[in-house]
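Source file: entry-v4.txt; contents: compact mmCIF, C-alpha atoms.
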# COMPACT_ATOMS: atom_id res chain seq x y z
CA MET A 915 0.00 0.00 0.00
CA GLU A 916 1.38 3.40 -1.03
CA LYS A 917 1.85 5.95 1.74
CA ILE A 918 -0.35 9.03 1.46
CA VAL A 919 1.87 12.08 1.45
CA ASN A 920 0.32 15.42 2.32
CA ILE A 921 2.93 18.15 1.97
CA LYS A 922 2.81 21.92 2.10
CA PHE A 923 5.21 24.46 0.66
CA LYS A 924 6.20 27.31 2.95
CA GLU A 925 8.15 30.18 1.41
CA PHE A 926 11.60 30.58 2.92
CA LYS A 927 11.85 32.89 5.94
CA LYS A 928 15.10 34.14 7.45
CA SER A 929 14.55 31.76 10.37
CA ASP A 930 14.79 28.77 7.96
CA LEU A 931 18.51 29.30 7.31
CA VAL A 932 19.64 26.67 9.86
CA PHE A 933 17.42 23.99 8.30
CA VAL A 934 18.51 24.92 4.76
CA LEU A 935 22.18 24.74 5.77
CA LYS A 936 21.65 21.19 7.10
CA LEU A 937 20.55 20.11 3.62
CA LEU A 938 22.70 22.47 1.56
CA PRO A 939 25.79 23.39 3.59
CA ARG A 940 27.40 25.40 0.78
CA MET A 941 24.50 27.90 0.79
CA LYS A 942 25.84 31.41 1.38
CA GLU A 943 23.83 33.63 3.69
CA ASP A 944 23.52 36.48 1.17
CA ILE A 945 22.24 34.06 -1.49
CA PHE A 946 19.75 32.66 1.02
CA GLU A 947 18.50 36.19 1.76
CA SER A 948 17.97 36.79 -1.96
CA LEU A 949 15.89 33.59 -2.11
CA VAL A 950 13.81 34.79 0.85
CA ASN A 951 13.30 38.23 -0.69
CA GLY A 952 12.55 36.89 -4.18
CA LYS A 953 10.29 34.08 -2.93
CA PHE A 954 12.31 31.45 -4.82
CA GLY A 955 12.62 28.87 -2.06
CA PHE A 956 10.24 26.56 -0.26
CA ILE A 957 10.44 24.46 2.85
CA ILE A 958 8.67 21.18 2.14
CA GLU A 959 6.61 20.37 5.20
CA GLU A 960 4.51 17.38 6.19
CA ASN A 961 2.44 17.44 9.39
CA ASN A 962 4.23 20.64 10.49
CA VAL A 963 7.63 18.94 10.23
CA ASN A 964 10.28 20.18 7.78
CA LYS A 965 11.07 17.38 5.31
CA GLY A 966 13.09 19.12 2.60
CA ILE A 967 13.67 22.16 0.43
CA LEU A 968 12.92 23.21 -3.13
CA ILE A 969 14.83 26.13 -4.67
CA PHE A 970 14.02 27.47 -8.10
CA THR A 971 14.49 30.39 -10.45
CA ILE A 972 12.73 31.59 -13.58
CA LEU A 973 14.82 31.43 -16.76
CA TRP A 974 14.24 34.13 -19.37
CA GLU A 975 11.06 35.20 -17.55
CA LYS A 976 9.29 32.11 -18.88
CA ILE A 977 10.71 28.78 -17.68
CA PRO A 978 10.70 27.73 -14.01
CA PHE A 979 13.95 25.90 -13.29
CA ILE A 980 14.33 23.76 -10.17
CA GLU A 981 17.85 24.32 -8.88
CA HIS A 982 17.59 22.06 -5.84
CA LEU A 983 15.14 19.51 -4.54
CA ILE A 984 16.62 18.04 -1.39
CA ILE A 985 14.71 15.76 0.95
CA SER A 986 16.11 15.06 4.43
CA GLU A 987 18.06 11.81 4.24
CA ASN A 988 15.86 9.96 6.76
CA GLU A 989 12.72 10.94 4.78
CA ARG A 990 13.84 9.74 1.33
CA GLY A 991 11.89 6.95 -0.33
CA ASN A 992 8.60 8.03 1.25
CA GLY A 993 7.14 9.82 -1.79
CA ILE A 994 7.86 13.33 -0.53
CA GLY A 995 10.08 14.22 -3.50
CA THR A 996 7.48 12.99 -5.98
CA LYS A 997 4.73 14.93 -4.26
CA ALA A 998 6.93 18.06 -4.12
CA ILE A 999 7.63 17.93 -7.85
CA LEU A 1000 3.95 17.45 -8.67
CA GLU A 1001 2.94 20.25 -6.31
CA PHE A 1002 5.55 22.58 -7.85
CA GLU A 1003 4.30 21.74 -11.34
CA ASN A 1004 0.74 22.63 -10.27
CA LEU A 1005 1.91 25.93 -8.81
CA MET A 1006 3.71 26.79 -12.03
CA ARG A 1007 0.79 25.65 -14.19
CA ASN A 1008 -1.51 27.93 -12.15
CA LYS A 1009 0.88 30.80 -12.88
CA ARG A 1010 0.47 29.95 -16.59
CA PHE A 1011 3.97 28.63 -17.19
CA LYS A 1012 4.12 26.09 -20.01
CA MET A 1013 7.24 24.10 -19.07
CA VAL A 1014 9.49 23.23 -16.12
CA MET A 1015 13.19 22.40 -16.30
CA LEU A 1016 15.62 20.97 -13.77
CA SER A 1017 19.03 19.36 -13.64
CA THR A 1018 20.90 16.68 -11.76
CA GLN A 1019 24.37 15.23 -11.94
CA VAL A 1020 24.53 12.12 -14.14
CA ASP A 1021 25.72 10.04 -11.18
CA GLU A 1022 22.68 10.87 -9.04
CA ASN A 1023 19.60 8.63 -8.81
CA ALA A 1024 17.19 11.59 -8.97
CA GLN A 1025 17.24 11.40 -12.78
CA PHE A 1026 15.23 8.17 -12.62
CA LEU A 1027 12.50 9.80 -10.52
CA TYR A 1028 12.33 12.78 -12.88
CA ARG A 1029 12.00 10.53 -15.95
CA LYS A 1030 9.29 8.50 -14.17
CA LEU A 1031 7.40 11.80 -13.68
CA GLY A 1032 7.55 12.61 -17.39
CA TYR A 1033 10.73 14.67 -17.68
CA ILE A 1034 12.84 14.09 -20.77
CA ASP A 1035 16.57 14.57 -21.24
CA ASN A 1036 17.49 17.91 -22.73
CA GLY A 1037 21.29 17.98 -22.87
CA ALA A 1038 24.19 18.21 -20.45
CA ILE A 1039 27.01 20.48 -19.38
CA PHE A 1040 30.48 19.07 -18.82
CA LEU A 1041 32.45 20.96 -16.19
CA GLU A 1042 35.64 18.92 -15.95
CA ASN A 1043 38.87 20.94 -15.90
CA SER A 1044 37.04 23.95 -14.49
CA PRO A 1045 36.73 25.43 -11.00
CA PHE A 1046 33.49 23.42 -10.70
CA ASP A 1047 34.83 19.99 -11.63
CA GLN A 1048 32.04 17.42 -11.25
CA PRO A 1049 30.27 14.71 -13.23
CA ALA A 1050 28.20 16.00 -16.15
CA GLU A 1051 25.09 17.99 -15.24
CA LEU A 1052 22.05 16.52 -17.00
CA PHE A 1053 19.21 18.87 -17.91
CA LEU A 1054 15.61 17.64 -18.16
CA LYS A 1055 12.39 19.33 -19.21
CA LYS A 1056 8.66 18.71 -18.95
CA THR A 1057 5.83 20.42 -20.76
CA LEU A 1058 3.01 21.34 -18.40

If you convert what's in this file into structure tokens, what do you get?
Amino acid sequence: MEKIVNIKFKEFKKSDLVFVLKLLPRMKEDIFESLVNGKFGFIIEENNVNKGILIFTILWEKIPFIEHLIISENERGNGIGTKAILEFENLMRNKRFKMVMLSTQVDENAQFLYRKLGYIDNGAIFLENSPFDQPAELFLKKTL
């Protein structure tokens, strides 16, 4: 039997910095403040308990781009990430956006969840031999 997940998005507040840093330790305080002020970050909450974060931006004033979807390690595998993506898509659809994009490193398992939810591969960036050396960053898109 599939667990029923009932999440809420709460826009970032300054008081959320400690929780965000637990999930994304490289977050700089000034960047976090810009997310708070621009309303580009959500705490994912279930039953009044913080379960994860979703950070996004809007590319070219027309494409919502999920920069980070991070679920607390002990909460993974419970459907919270799936529900968060679907909830975000509904929010963006209600704002009349036509597509959502996101990315993940090619060595991360998140790509399989995204494909299961209807996202399709849309290219990659290779950052080896740069200050940001990492596995390729895979971009995916979904029409809403």

Shell of 7 Å around Gln1019 in chain A, all atoms listed in the file, local chain residues under 3 positions omitted, as a CSV table (one decimal) with C-alpha atoms, in the frame of the given file:
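Generated file (selection20.csv):
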chain,number,residue,atom,x,y,z
A,1022,GLU,CA,22.7,10.9,-9.0
A,1049,PRO,CA,30.3,14.7,-13.2
A,1050,ALA,CA,28.2,16.0,-16.2
A,1051,GLU,CA,25.1,18.0,-15.2
A,1052,LEU,CA,22.0,16.5,-17.0

### Using only C-alpha atoms: which of A:Phe979, A:Glu947, A:Phe926, A:Arg940 has the shortest distance to Asn964 in chain A
A:Phe926

### Task
For Tyr1033 in chain A, list every protein, DNA or RNA residue within 6 Å, evaluated using only C-alpha atoms, and leave out those in the same chain fewer than 6 positions away; present the list as a list of chain:residue names.
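Here the qualifying residues turn out to be A:Leu1054, A:Lys1055, A:Lys1056.
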
### Task
For range 950-957 of chain A, work out the shell of residues within 12 Å, counting all atoms listed in the file and skipping chain neighbours fewer than 3 positions away, then give it as number ranges by chain.
A: 921-934, 937, 943-947, 960, 962-972, 978-986, 994, 998-999, 1001-1002, 1005

### Query
In terms of the shortest atom-to-atom distance over all atoms listed in the file, which of A:Leu1041, A:Arg990, A:Leu938, A:Phe1053 is closest to Gln1025 in chain A?
A:Phe1053

### Task
Tell me, in Å to one decimal, how far CA of Ala1024 in chain A is from CA of Gln1048 in chain A.
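A separation of 16.1 Å between them.
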
## Note on the structure
Expressed in Å, the length from CA of Asn992 in chain A to CA of Leu1027 in chain A is 12.5 Å

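You can rank A:Gly993, A:Gly1032, A:Leu1000, A:Ala1038 by their closest distance to Thr1018 in chain A using all atoms listed in the file, and at the top of that list sits A:Ala1038.
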
### Query
Between CA of Asn961 in chain A and CA of Lys1009 in chain A, what is the distance, to one decimal in Å?
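About the pair CA of Asn961 in chain A and CA of Lys1009 in chain A: they are 26.0 Å apart.
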